[in-house]
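What follows is the content of structure.cif, which has mmCIF, C-alpha atoms and all ligand atoms:
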data_my_file
loop_
_atom_site.label_atom_id
_atom_site.label_comp_id
_atom_site.auth_asym_id
_atom_site.auth_seq_id
_atom_site.Cartn_x
_atom_site.Cartn_y
_atom_site.Cartn_z
CA MET L 22 35.63 -35.66 -56.25
CA SER L 23 32.18 -34.33 -55.39
CA VAL L 24 29.13 -35.40 -57.36
CA GLN L 25 27.59 -32.51 -59.31
CA HIS L 26 26.11 -34.10 -62.45
CA THR L 27 24.43 -37.49 -62.68
CA ALA L 28 23.02 -39.84 -65.28
CA VAL L 29 20.66 -42.80 -64.99
CA VAL L 30 20.67 -45.51 -67.66
CA GLY L 31 17.34 -47.31 -68.10
CA ALA L 32 13.98 -45.54 -67.81
CA GLY L 33 11.90 -48.42 -66.37
CA THR L 34 10.34 -48.42 -62.90
CA MET L 35 13.62 -48.34 -60.98
CA GLY L 36 15.40 -45.97 -63.38
CA ASN L 37 12.64 -43.39 -63.34
CA GLY L 38 12.41 -43.62 -59.54
CA ILE L 39 16.17 -43.08 -59.18
CA ALA L 40 16.11 -40.12 -61.61
CA HIS L 41 13.15 -38.71 -59.62
CA VAL L 42 15.01 -38.68 -56.29
CA LEU L 43 18.27 -37.38 -57.78
CA ALA L 44 16.47 -34.48 -59.50
CA LEU L 45 14.37 -33.70 -56.41
CA HIS L 46 17.51 -33.51 -54.26
CA GLY L 47 19.27 -31.00 -56.50
CA TYR L 48 21.28 -33.15 -58.92
CA PRO L 49 21.01 -32.44 -62.65
CA VAL L 50 20.21 -35.85 -64.14
CA ALA L 51 20.27 -37.18 -67.68
CA LEU L 52 17.85 -40.09 -67.98
CA ILE L 53 18.98 -42.38 -70.80
CA ASP L 54 17.06 -45.09 -72.65
CA LEU L 55 17.24 -46.34 -76.23
CA ASP L 56 13.43 -46.53 -76.22
CA GLU L 57 12.22 -42.94 -76.66
CA GLU L 58 8.63 -43.86 -75.87
CA LEU L 59 9.75 -45.29 -72.53
CA LEU L 60 11.64 -42.06 -71.87
CA GLU L 61 8.50 -39.97 -72.41
CA ASP L 62 6.49 -42.37 -70.21
CA ALA L 63 9.17 -42.01 -67.53
CA ARG L 64 8.86 -38.23 -67.54
CA THR L 65 5.07 -38.55 -67.16
CA THR L 66 5.52 -41.01 -64.27
CA ILE L 67 8.04 -38.76 -62.52
CA GLU L 68 5.73 -35.77 -62.91
CA ARG L 69 2.79 -37.77 -61.51
CA ASN L 70 4.79 -39.10 -58.55
CA LEU L 71 6.16 -35.62 -57.77
CA SER L 72 2.57 -34.28 -57.81
CA ARG L 73 1.63 -37.05 -55.40
CA GLN L 74 4.37 -35.82 -53.06
CA VAL L 75 3.14 -32.21 -53.43
CA ASP L 76 -0.43 -33.33 -52.57
CA LYS L 77 0.91 -35.09 -49.45
CA ASP L 78 2.98 -32.00 -48.45
CA ALA L 79 6.13 -34.10 -48.80
CA THR L 80 7.47 -31.44 -51.20
CA THR L 81 6.40 -28.12 -52.73
CA SER L 82 5.23 -27.17 -56.24
CA ASP L 83 8.37 -25.05 -56.66
CA ALA L 84 10.60 -28.01 -55.73
CA LYS L 85 8.64 -30.17 -58.17
CA GLU L 86 9.17 -27.67 -61.02
CA ALA L 87 12.88 -27.31 -60.14
CA ALA L 88 13.24 -31.12 -60.16
CA LEU L 89 11.61 -31.38 -63.59
CA ASN L 90 13.93 -28.65 -64.88
CA ARG L 91 16.95 -30.67 -63.70
CA LEU L 92 15.80 -33.70 -65.67
CA SER L 93 16.90 -34.21 -69.28
CA LEU L 94 16.03 -37.19 -71.46
CA THR L 95 18.22 -38.72 -74.15
CA PRO L 96 18.44 -41.96 -76.16
CA ASP L 97 22.19 -41.34 -76.65
CA THR L 98 24.22 -42.97 -73.84
CA ALA L 99 27.55 -41.40 -74.86
CA GLU L 100 25.99 -37.93 -74.87
CA GLY L 101 24.06 -38.50 -71.61
CA VAL L 102 27.10 -39.55 -69.55
CA ARG L 103 29.65 -37.14 -71.06
CA SER L 104 29.69 -34.79 -68.04
CA ALA L 105 28.40 -37.16 -65.35
CA ASP L 106 30.27 -37.64 -62.06
CA LEU L 107 27.97 -40.50 -61.07
CA VAL L 108 26.11 -42.84 -63.42
CA VAL L 109 23.48 -45.23 -62.04
CA GLU L 110 22.61 -48.15 -64.29
CA ALA L 111 19.12 -49.68 -64.08
CA VAL L 112 18.79 -51.75 -67.27
CA PRO L 113 17.32 -55.30 -67.47
CA GLU L 114 19.04 -57.97 -65.36
CA GLU L 115 20.81 -59.79 -68.19
CA GLN L 116 24.57 -60.14 -68.22
CA PRO L 117 25.10 -59.40 -71.95
CA ILE L 118 23.08 -56.17 -71.61
CA LYS L 119 25.01 -55.12 -68.49
CA ALA L 120 28.34 -55.91 -70.20
CA ASP L 121 27.38 -53.83 -73.22
CA VAL L 122 26.14 -50.87 -71.13
CA PHE L 123 29.17 -50.83 -68.82
CA GLY L 124 31.52 -51.01 -71.83
CA THR L 125 29.80 -47.92 -73.26
CA LEU L 126 29.81 -46.09 -69.91
CA ASP L 127 33.50 -46.84 -69.44
CA ALA L 128 34.28 -45.49 -72.91
CA HIS L 129 32.28 -42.25 -72.62
CA ALA L 130 31.94 -41.19 -68.96
CA PRO L 131 34.71 -38.93 -67.57
CA ASP L 132 37.73 -40.87 -66.27
CA ASP L 133 36.97 -40.07 -62.64
CA ALA L 134 33.22 -40.82 -62.86
CA ILE L 135 31.72 -43.49 -60.61
CA LEU L 136 29.69 -46.19 -62.35
CA ALA L 137 27.02 -47.62 -60.05
CA SER L 138 24.62 -50.47 -60.74
CA ASN L 139 21.14 -50.89 -59.30
CA THR L 140 21.36 -54.64 -59.95
CA SER L 141 19.64 -56.90 -57.44
CA SER L 142 21.18 -60.15 -58.63
CA ILE L 143 24.33 -59.70 -60.74
CA SER L 144 27.77 -59.65 -59.12
CA ILE L 145 29.26 -56.15 -58.79
CA THR L 146 32.73 -57.72 -59.09
CA TRP L 147 31.71 -59.19 -62.48
CA ILE L 148 30.21 -55.88 -63.65
CA ALA L 149 33.37 -54.03 -62.55
CA ALA L 150 35.48 -56.50 -64.57
CA GLN L 151 33.69 -55.31 -67.74
CA THR L 152 35.40 -51.92 -67.27
CA LYS L 153 38.91 -50.53 -66.96
CA ARG L 154 37.97 -48.76 -63.71
CA PRO L 155 36.89 -51.52 -61.26
CA GLU L 156 37.82 -49.31 -58.27
CA GLN L 157 35.08 -46.88 -59.36
CA VAL L 158 32.33 -49.47 -59.87
CA ILE L 159 29.85 -50.12 -57.05
CA GLY L 160 26.33 -51.39 -56.34
CA MET L 161 23.70 -48.81 -55.46
CA HIS L 162 20.63 -50.93 -54.85
CA PHE L 163 17.40 -48.94 -54.44
CA PHE L 164 13.94 -50.26 -53.52
CA ASN L 165 10.59 -49.84 -55.23
CA PRO L 166 8.88 -47.35 -54.96
CA VAL L 167 12.16 -45.43 -54.92
CA PRO L 168 10.70 -42.06 -53.81
CA VAL L 169 9.22 -43.78 -50.73
CA MET L 170 11.65 -46.49 -49.64
CA THR L 171 14.46 -45.18 -47.45
CA LEU L 172 17.13 -47.85 -47.96
CA VAL L 173 20.05 -48.09 -50.38
CA GLU L 174 22.28 -51.17 -50.21
CA VAL L 175 25.76 -49.92 -51.12
CA VAL L 176 27.55 -52.97 -52.46
CA ARG L 177 31.34 -53.18 -52.55
CA GLY L 178 32.80 -55.32 -55.32
CA GLN L 179 36.13 -57.05 -54.83
CA ARG L 180 38.06 -54.03 -56.14
CA THR L 181 35.74 -51.12 -55.18
CA SER L 182 37.80 -48.40 -53.48
CA SER L 183 36.86 -46.93 -50.13
CA ALA L 184 36.80 -43.46 -51.75
CA THR L 185 34.10 -44.68 -54.17
CA PHE L 186 32.15 -46.22 -51.29
CA ASP L 187 32.30 -42.99 -49.25
CA ILE L 188 31.12 -40.79 -52.14
CA VAL L 189 28.20 -43.08 -52.97
CA ALA L 190 27.15 -43.41 -49.32
CA GLU L 191 27.22 -39.61 -49.07
CA VAL L 192 25.01 -39.24 -52.17
CA ALA L 193 22.57 -41.80 -50.72
CA GLU L 194 22.35 -39.75 -47.52
CA ASP L 195 21.85 -36.63 -49.57
CA LEU L 196 18.84 -38.35 -51.14
CA ASP L 197 17.43 -38.87 -47.61
CA LYS L 198 18.14 -42.59 -47.84
CA ASN L 199 19.96 -44.81 -45.36
CA PRO L 200 23.01 -46.38 -46.98
CA VAL L 201 23.89 -49.85 -45.67
CA ALA L 202 27.28 -51.37 -46.53
CA VAL L 203 26.96 -54.82 -48.06
CA GLU L 204 29.58 -57.16 -49.49
CA ASP L 205 29.22 -58.65 -52.97
CA TYR L 206 27.49 -62.00 -52.39
CA PRO L 207 24.43 -63.31 -54.27
CA GLY L 208 21.22 -61.42 -53.45
CA PHE L 209 23.18 -59.08 -51.14
CA VAL L 210 21.21 -58.91 -47.85
CA SER L 211 17.81 -57.76 -49.10
CA ASN L 212 16.99 -60.50 -51.56
CA ARG L 213 18.81 -63.25 -49.65
CA VAL L 214 16.40 -62.67 -46.80
CA LEU L 215 13.29 -61.57 -48.73
CA MET L 216 13.15 -64.14 -51.53
CA PRO L 217 13.13 -67.29 -49.34
CA MET L 218 10.15 -65.79 -47.48
CA ILE L 219 8.29 -65.10 -50.74
CA ASN L 220 9.20 -68.59 -52.04
CA GLU L 221 7.92 -70.21 -48.84
CA ALA L 222 4.64 -68.29 -49.14
CA ILE L 223 4.29 -69.70 -52.69
CA PHE L 224 4.95 -73.25 -51.37
CA CYS L 225 2.12 -72.60 -48.88
CA VAL L 226 -0.21 -71.77 -51.81
CA MET L 227 0.93 -74.84 -53.76
CA GLU L 228 0.46 -77.15 -50.79
CA GLY L 229 -2.95 -75.65 -49.93
CA VAL L 230 -1.85 -74.51 -46.47
CA ALA L 231 -4.10 -71.45 -46.85
CA GLU L 232 -5.67 -69.22 -49.50
CA PRO L 233 -3.33 -66.53 -50.98
CA GLU L 234 -5.32 -63.70 -49.30
CA ASP L 235 -5.03 -65.46 -45.95
CA ILE L 236 -1.29 -66.08 -46.29
CA ASP L 237 -0.85 -62.34 -46.90
CA THR L 238 -3.15 -61.47 -43.99
CA VAL L 239 -1.02 -63.58 -41.64
CA MET L 240 2.10 -61.62 -42.54
CA GLU L 241 0.36 -58.22 -42.64
CA MET L 242 -1.49 -58.56 -39.34
CA GLY L 243 0.77 -60.98 -37.51
CA MET L 244 4.12 -59.51 -38.52
CA ASN L 245 3.09 -55.93 -39.43
CA HIS L 246 4.41 -56.17 -42.99
CA PRO L 247 2.96 -53.36 -45.16
CA MET L 248 2.23 -55.89 -47.94
CA GLY L 249 1.87 -59.64 -47.66
CA PRO L 250 4.55 -61.72 -49.45
CA LEU L 251 2.32 -62.69 -52.38
CA THR L 252 1.18 -59.10 -53.01
CA LEU L 253 4.82 -58.06 -52.75
CA ALA L 254 5.87 -60.78 -55.21
CA ASP L 255 3.24 -59.51 -57.67
CA PHE L 256 4.53 -55.95 -57.09
CA ILE L 257 8.17 -56.93 -57.73
CA GLY L 258 7.27 -59.18 -60.71
CA LEU L 259 7.15 -62.98 -60.52
CA ASP L 260 9.76 -63.26 -63.31
CA VAL L 261 12.11 -61.07 -61.28
CA CYS L 262 11.52 -63.18 -58.14
CA LEU L 263 12.19 -66.39 -60.10
CA HIS L 264 15.37 -64.96 -61.60
CA ILE L 265 16.71 -63.89 -58.19
CA LEU L 266 15.89 -67.29 -56.64
CA GLU L 267 17.70 -69.02 -59.52
CA VAL L 268 20.78 -66.86 -58.90
CA LEU L 269 20.68 -67.66 -55.16
CA HIS L 270 20.19 -71.38 -55.88
CA ASP L 271 22.92 -71.61 -58.55
CA GLU L 272 25.53 -69.49 -56.83
CA LEU L 273 25.06 -70.53 -53.20
CA GLY L 274 24.27 -74.14 -54.13
CA ASP L 275 21.83 -74.68 -51.29
CA ASP L 276 18.45 -76.32 -51.90
CA LYS L 277 16.79 -73.96 -49.47
CA TYR L 278 16.73 -71.46 -52.38
CA ARG L 279 15.09 -73.82 -54.93
CA PRO L 280 12.28 -71.92 -56.68
CA CYS L 281 8.80 -73.27 -55.98
CA PRO L 282 7.35 -75.13 -59.02
CA LEU L 283 4.19 -73.00 -58.79
CA LEU L 284 6.31 -69.85 -59.25
CA ARG L 285 7.87 -71.38 -62.39
CA ARG L 286 4.44 -72.37 -63.69
CA LYS L 287 3.05 -68.86 -63.28
CA VAL L 288 6.06 -67.30 -65.01
CA THR L 289 5.81 -69.79 -67.89
CA ALA L 290 2.12 -68.91 -68.24
CA GLY L 291 2.95 -65.18 -68.44
CA GLN L 292 1.22 -64.41 -65.14
CA LEU L 293 3.97 -62.10 -63.93
CA GLY L 294 2.08 -60.06 -61.33
CA ARG L 295 0.88 -56.49 -61.40
CA LYS L 296 2.61 -55.63 -64.70
CA THR L 297 0.61 -58.26 -66.63
CA GLY L 298 -2.63 -57.76 -64.67
CA GLU L 299 -2.42 -61.19 -63.00
CA GLY L 300 -0.10 -63.03 -60.65
CA PHE L 301 -1.24 -64.41 -57.33
CA PHE L 302 -3.99 -61.78 -57.48
CA GLU L 303 -5.80 -59.98 -60.30
CA TYR L 304 -5.32 -56.28 -61.06
CA GLY L 305 -7.80 -54.03 -62.88
N1 LIG I 401 6.16 -41.92 -55.67
C1 LIG I 401 5.93 -41.07 -54.67
N2 LIG I 401 5.17 -41.36 -53.58
C2 LIG I 401 4.61 -42.59 -53.54
C3 LIG I 401 4.82 -43.55 -54.55
C4 LIG I 401 5.64 -43.18 -55.64
N3 LIG I 401 5.93 -44.03 -56.65
N4 LIG I 401 4.17 -44.70 -54.20
C5 LIG I 401 3.56 -44.45 -53.01
N5 LIG I 401 3.86 -43.19 -52.61
C6 LIG I 401 3.50 -42.56 -51.34
C7 LIG I 401 2.05 -42.24 -51.20
O1 LIG I 401 1.76 -40.96 -51.71
C8 LIG I 401 1.85 -42.31 -49.69
O2 LIG I 401 2.33 -41.13 -49.06
P1 LIG I 401 1.89 -40.74 -47.53
O3 LIG I 401 2.44 -41.79 -46.62
O4 LIG I 401 2.53 -39.39 -47.32
O5 LIG I 401 0.41 -40.71 -47.51
C9 LIG I 401 2.78 -43.42 -49.26
O6 LIG I 401 3.75 -43.54 -50.32
C10 LIG I 401 2.04 -44.71 -49.12
O7 LIG I 401 1.36 -44.99 -50.37
P2 LIG I 401 -0.17 -45.38 -50.48
O8 LIG I 401 -0.98 -44.70 -49.41
O9 LIG I 401 -0.59 -45.21 -51.89
O10 LIG I 401 -0.20 -46.93 -50.29
P3 LIG I 401 0.31 -47.81 -49.10
O11 LIG I 401 0.14 -47.16 -47.78
O12 LIG I 401 -0.36 -49.11 -49.37
O13 LIG I 401 1.88 -47.93 -49.38
C11 LIG I 401 3.77 -48.91 -50.36
C12 LIG I 401 2.38 -48.39 -50.60
C13 LIG I 401 4.69 -47.76 -49.96
C14 LIG I 401 4.25 -49.50 -51.68
C15 LIG I 401 3.73 -49.98 -49.20
O14 LIG I 401 2.73 -50.92 -49.45
C16 LIG I 401 5.04 -50.69 -48.99
O15 LIG I 401 5.94 -50.19 -48.36
N6 LIG I 401 5.13 -51.93 -49.55
C17 LIG I 401 6.35 -52.73 -49.51
C18 LIG I 401 7.25 -52.28 -50.63
C19 LIG I 401 8.52 -53.06 -50.65
O16 LIG I 401 8.79 -53.98 -49.89
N7 LIG I 401 9.38 -52.69 -51.61
C20 LIG I 401 10.63 -53.37 -51.82
C21 LIG I 401 10.46 -54.33 -52.97
S1 LIG I 401 11.94 -55.25 -53.25
C22 LIG I 401 12.83 -54.24 -54.30
O17 LIG I 401 12.41 -53.19 -54.73
C23 LIG I 401 14.21 -54.65 -54.63
C24 LIG I 401 14.48 -55.91 -55.28
O18 LIG I 401 15.65 -56.16 -55.50
C25 LIG I 401 13.47 -56.90 -55.71
#

Take the structure from the file and write it as C-alpha cells.
Amino acid sequence: MSVQHTAVVGAGTMGNGIAHVLALHGYPVALIDLDEELLEDARTTIERNLSRQVDKDATTSDAKEAALNRLSLTPDTAEGVRSADLVVEAVPEEQPIKADVFGTLDAHAPDDAILASNTSSISITWIAAQTKRPEQVIGMHFFNPVPVMTLVEVVRGQRTSSATFDIVAEVAEDLDKNPVAVEDYPGFVSNRVLMPMINEAIFCVMEGVAEPEDIDTVMEMGMNHPMGPLTLADFIGLDVCLHILEVLHDELGDDKYRPCPLLRRKVTAGQLGRKTGEGFFEYG
C-alpha cells in the first residue's frame, strides 16, 4: 500500500503542524476537528506559518498555494477519513478521548488504512487494542513546531507490523523528517530523557539554586540548547509536562520521575506557560 490520501484528527498546535507538513509535501489532507472555530483558526495558523517559510525562502508562494489547496477542513470524522490511507491522530492526551476517536477511525477508515497516533504519553499497544487492526496502529510522534523540527519518533506497539512501520517511516522521510524507531515504553525516548531535565530545572527554581532566567542561560550557553528548560516547559505547556511526568512515575515506578511540587503548584494555579500568558516567565 502506498500513502496517497491522509487525514489528521485534532486541529490544535500539533494537528495543524502535522497537516501543514503533509500538505506542503504533496499529500491531500483532511483536517478534522469537532470544533469548527478551531478548524478555521488552524487554517489561519497554517497559512501564516507557510508565509513565514516563503519569507525565509524555505518554500515558494506557488508551493504555499498548492499546499493550501490540498487542505480540506471537516468536523465530520467519518467523512474525513473515508478515503484516507494514513490517519494521524492528535487529540487531547486523555484515554477515553483516544478510545472514542480510535473506535470511530476503525469503523470508518478503509480496511487497509494505517492509524497513527501523535501521542507523547499513552501506550501505542493500548491504543491499538481499541481497534480491530492492531497491526496497522503505530505511533508517529512529531515535535513542536512541526514545520521546523526534523524528528519523528516512530513507535512500534506490541502488534504493529513491520509493513506498517516501513510505510510510516517512508512517509516521515518524505516529509523531510528523520524517523527514529522506538519501542512502546512510557515517554518513548524523547520525553523519558527531556522531562527529567525539565523537572530538575524546576527543582532548582524551588530550592533557590538560581533565578529561572539564569537556569535557562546555563543550559543555553553552557550546553547550546536553543531554549532553556524552563522556557521549553512553558512552550510545551506545564500541564503537559506534569501529565508526562506522572505517566513516567506511575508506569516506571521510579522516584526519579516524581514531579516537582512547584510544577504541581503552578498547574493548580492555572499558570500553564505560554498558552495562558504565564508560567515560569510572563508572555505579552
Ligand atoms: N512554522 C514554520 N516556521 C517556523 C515556525 C512555525 N511554526 N516556528 C519557527 N519557524 C521558523 C522561523 O521562521 C525560523 O526560520 P529560519 O531559521 O529560516 O530563520 C526558524 O524556525 C527559527 O525561528 P525563530 O527565528 O522565530 O526563533 P528561534 O530561532 O528562537 O527558534 C525554535 C524557535 C525553532 C522554536 C527554537 O527555539 C527551538 O528549536 N526550540 C526548541 C523546541 C523544542 O525543543 N521542541 C520540542 C518540544 S517537545 C515536543 O514537542 C514533544 C512532546 O512530546 C512534549

d(CA of Glu115 (chain L), CA of Thr140 (chain L)) in Å: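 Taking CA of Glu115 (chain L) and CA of Thr140 (chain L), their separation equals 9.7 Å.
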
Go through L:Val176, L:Leu60, L:Ala130, L:Leu293 one by one, measure the shortest atom-to-atom distance of each to Phe163 (chain L) using all atoms listed in the file, and give the residue with the smallest value.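 The shortest atom-to-atom distance to Phe163 (chain L) comes from L:Val176.
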
Return as number ranges by chain the residues of protein, DNA or RNA that approach ligand LIG 401 (chain I) to within 9 Å, with all atoms listed in the file taken into account. L: 34-35, 38, 41, 66-67, 69-74, 76-79, 139-142, 162-170, 208, 211-212, 215-216, 246-250, 252-254, 256-258, 261-262, 265

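CA of Val30 (chain L) is found 18.5 Å from CA of Glu68 (chain L).
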
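The spacing separating CA of Met22 (chain L) from CA of Ile135 (chain L) amounts to 9.8 Å.
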
At a cut-off of 12 Å, using only C-alpha atoms, what residues contact Ala99 (chain L)? Leave out same-chain residues fewer than 2 positions from it and give the result as a ChimeraX atom specification. /L:28,30,51-55,95-97,101-105,108,122-131

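Using all atoms listed in the file, the nearest neighbour of Ala111 (chain L) within the list L:Thr80, L:Asn37, L:Gln151, L:Thr27 is L:Asn37.
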
Option closest in space to Gly31 (chain L), from L:Asp187, L:Ala88, L:Ser138, L:Thr65 [counting only C-alpha atoms]: L:Ser138

Around (22.7, -67.8, -48.8) in the file's frame, which residues reach within 7 Å when counting only C-alpha atoms? Return as a list in words?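 Those residues lying close to the given coordinates are Arg213, Leu269 and Leu273 of chain L.
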
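When all atoms listed in the file are used to measure the gap to Asn220 (chain L), the shortest distance among L:Glu272, L:Glu114, L:Glu267, L:Glu100 belongs to L:Glu267.
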
Centre and edges of the region 94-100 of chain L box, axis-aligned, 8 Å extra per side, as AutoDock Vina command-line options:
--center_x 21.8 --center_y -40.1 --center_z -74.1 --size_x 27.5 --size_y 21.8 --size_z 21.2

Using N, CA, C and O atoms, give me region 243-266 of chain L from the structure I just pasted, as a PDB file, in the first residue's frame.
ATOM      1  N   GLY L 243      25.808  27.110  28.131  1.00  0.00           N
ATOM      2  CA  GLY L 243      26.748  26.060  28.509  1.00  0.00           C
ATOM      3  C   GLY L 243      26.554  24.778  27.727  1.00  0.00           C
ATOM      4  O   GLY L 243      27.504  24.035  27.499  1.00  0.00           O
ATOM      5  N   MET L 244      25.325  24.511  27.323  1.00  0.00           N
ATOM      6  CA  MET L 244      25.041  23.247  26.607  1.00  0.00           C
ATOM      7  C   MET L 244      24.544  23.474  25.187  1.00  0.00           C
ATOM      8  O   MET L 244      24.160  22.517  24.513  1.00  0.00           O
ATOM      9  N   ASN L 245      24.440  24.750  24.769  1.00  0.00           N
ATOM     10  CA  ASN L 245      23.998  25.067  23.409  1.00  0.00           C
ATOM     11  C   ASN L 245      22.578  24.606  23.111  1.00  0.00           C
ATOM     12  O   ASN L 245      22.262  24.254  21.972  1.00  0.00           O
ATOM     13  N   HIS L 246      21.705  24.602  24.117  1.00  0.00           N
ATOM     14  CA  HIS L 246      20.301  24.287  23.853  1.00  0.00           C
ATOM     15  C   HIS L 246      19.644  25.540  23.258  1.00  0.00           C
ATOM     16  O   HIS L 246      19.902  26.644  23.727  1.00  0.00           O
ATOM     17  N   PRO L 247      18.771  25.376  22.246  1.00  0.00           N
ATOM     18  CA  PRO L 247      18.154  26.565  21.634  1.00  0.00           C
ATOM     19  C   PRO L 247      17.244  27.320  22.596  1.00  0.00           C
ATOM     20  O   PRO L 247      17.070  28.533  22.483  1.00  0.00           O
ATOM     21  N   MET L 248      16.649  26.598  23.531  1.00  0.00           N
ATOM     22  CA  MET L 248      15.794  27.200  24.573  1.00  0.00           C
ATOM     23  C   MET L 248      16.210  26.571  25.888  1.00  0.00           C
ATOM     24  O   MET L 248      16.445  25.353  25.927  1.00  0.00           O
ATOM     25  N   GLY L 249      16.218  27.372  26.960  1.00  0.00           N
ATOM     26  CA  GLY L 249      16.483  26.785  28.272  1.00  0.00           C
ATOM     27  C   GLY L 249      15.308  25.891  28.685  1.00  0.00           C
ATOM     28  O   GLY L 249      14.204  25.990  28.130  1.00  0.00           O
ATOM     29  N   PRO L 250      15.502  25.023  29.679  1.00  0.00           N
ATOM     30  CA  PRO L 250      14.458  24.053  30.054  1.00  0.00           C
ATOM     31  C   PRO L 250      13.175  24.690  30.580  1.00  0.00           C
ATOM     32  O   PRO L 250      12.093  24.127  30.381  1.00  0.00           O
ATOM     33  N   LEU L 251      13.279  25.855  31.216  1.00  0.00           N
ATOM     34  CA  LEU L 251      12.061  26.470  31.760  1.00  0.00           C
ATOM     35  C   LEU L 251      11.272  27.152  30.641  1.00  0.00           C
ATOM     36  O   LEU L 251      10.036  27.079  30.606  1.00  0.00           O
ATOM     37  N   THR L 252      11.982  27.789  29.705  1.00  0.00           N
ATOM     38  CA  THR L 252      11.304  28.364  28.532  1.00  0.00           C
ATOM     39  C   THR L 252      10.663  27.243  27.721  1.00  0.00           C
ATOM     40  O   THR L 252       9.532  27.372  27.232  1.00  0.00           O
ATOM     41  N   LEU L 253      11.372  26.138  27.597  1.00  0.00           N
ATOM     42  CA  LEU L 253      10.832  24.998  26.841  1.00  0.00           C
ATOM     43  C   LEU L 253       9.600  24.422  27.548  1.00  0.00           C
ATOM     44  O   LEU L 253       8.599  24.093  26.897  1.00  0.00           O
ATOM     45  N   ALA L 254       9.659  24.329  28.873  1.00  0.00           N
ATOM     46  CA  ALA L 254       8.496  23.826  29.623  1.00  0.00           C
ATOM     47  C   ALA L 254       7.284  24.732  29.399  1.00  0.00           C
ATOM     48  O   ALA L 254       6.167  24.256  29.162  1.00  0.00           O
ATOM     49  N   ASP L 255       7.506  26.052  29.425  1.00  0.00           N
ATOM     50  CA  ASP L 255       6.417  26.998  29.151  1.00  0.00           C
ATOM     51  C   ASP L 255       5.891  26.818  27.729  1.00  0.00           C
ATOM     52  O   ASP L 255       4.691  26.963  27.465  1.00  0.00           O
ATOM     53  N   PHE L 256       6.793  26.522  26.793  1.00  0.00           N
ATOM     54  CA  PHE L 256       6.435  26.348  25.373  1.00  0.00           C
ATOM     55  C   PHE L 256       5.597  25.071  25.193  1.00  0.00           C
ATOM     56  O   PHE L 256       4.570  25.071  24.501  1.00  0.00           O
ATOM     57  N   ILE L 257       5.988  24.001  25.863  1.00  0.00           N
ATOM     58  CA  ILE L 257       5.267  22.723  25.766  1.00  0.00           C
ATOM     59  C   ILE L 257       3.925  22.814  26.501  1.00  0.00           C
ATOM     60  O   ILE L 257       2.913  22.269  26.063  1.00  0.00           O
ATOM     61  N   GLY L 258       3.903  23.542  27.614  1.00  0.00           N
ATOM     62  CA  GLY L 258       2.715  23.616  28.493  1.00  0.00           C
ATOM     63  C   GLY L 258       3.044  22.888  29.789  1.00  0.00           C
ATOM     64  O   GLY L 258       3.437  21.715  29.757  1.00  0.00           O
ATOM     65  N   LEU L 259       2.894  23.593  30.934  1.00  0.00           N
ATOM     66  CA  LEU L 259       3.273  22.966  32.208  1.00  0.00           C
ATOM     67  C   LEU L 259       2.326  21.817  32.560  1.00  0.00           C
ATOM     68  O   LEU L 259       2.739  20.828  33.185  1.00  0.00           O
ATOM     69  N   ASP L 260       1.065  21.915  32.128  1.00  0.00           N
ATOM     70  CA  ASP L 260       0.123  20.809  32.364  1.00  0.00           C
ATOM     71  C   ASP L 260       0.554  19.561  31.587  1.00  0.00           C
ATOM     72  O   ASP L 260       0.480  18.436  32.099  1.00  0.00           O
ATOM     73  N   VAL L 261       1.043  19.775  30.370  1.00  0.00           N
ATOM     74  CA  VAL L 261       1.502  18.641  29.558  1.00  0.00           C
ATOM     75  C   VAL L 261       2.737  18.014  30.215  1.00  0.00           C
ATOM     76  O   VAL L 261       2.840  16.786  30.340  1.00  0.00           O
ATOM     77  N   CYS L 262       3.661  18.859  30.670  1.00  0.00           N
ATOM     78  CA  CYS L 262       4.877  18.334  31.333  1.00  0.00           C
ATOM     79  C   CYS L 262       4.494  17.528  32.570  1.00  0.00           C
ATOM     80  O   CYS L 262       5.019  16.422  32.790  1.00  0.00           O
ATOM     81  N   LEU L 263       3.565  18.064  33.378  1.00  0.00           N
ATOM     82  CA  LEU L 263       3.149  17.359  34.601  1.00  0.00           C
ATOM     83  C   LEU L 263       2.529  16.008  34.234  1.00  0.00           C
ATOM     84  O   LEU L 263       2.850  14.975  34.852  1.00  0.00           O
ATOM     85  N   HIS L 264       1.663  16.023  33.234  1.00  0.00           N
ATOM     86  CA  HIS L 264       0.997  14.781  32.834  1.00  0.00           C
ATOM     87  C   HIS L 264       2.030  13.727  32.401  1.00  0.00           C
ATOM     88  O   HIS L 264       1.946  12.564  32.804  1.00  0.00           O
ATOM     89  N   ILE L 265       3.006  14.148  31.611  1.00  0.00           N
ATOM     90  CA  ILE L 265       4.004  13.169  31.128  1.00  0.00           C
ATOM     91  C   ILE L 265       4.840  12.646  32.305  1.00  0.00           C
ATOM     92  O   ILE L 265       5.122  11.451  32.405  1.00  0.00           O
ATOM     93  N   LEU L 266       5.213  13.527  33.229  1.00  0.00           N
ATOM     94  CA  LEU L 266       5.986  13.070  34.399  1.00  0.00           C
ATOM     95  C   LEU L 266       5.168  12.088  35.236  1.00  0.00           C
ATOM     96  O   LEU L 266       5.704  11.092  35.751  1.00  0.00           O
TER      97      LEU L 266
END
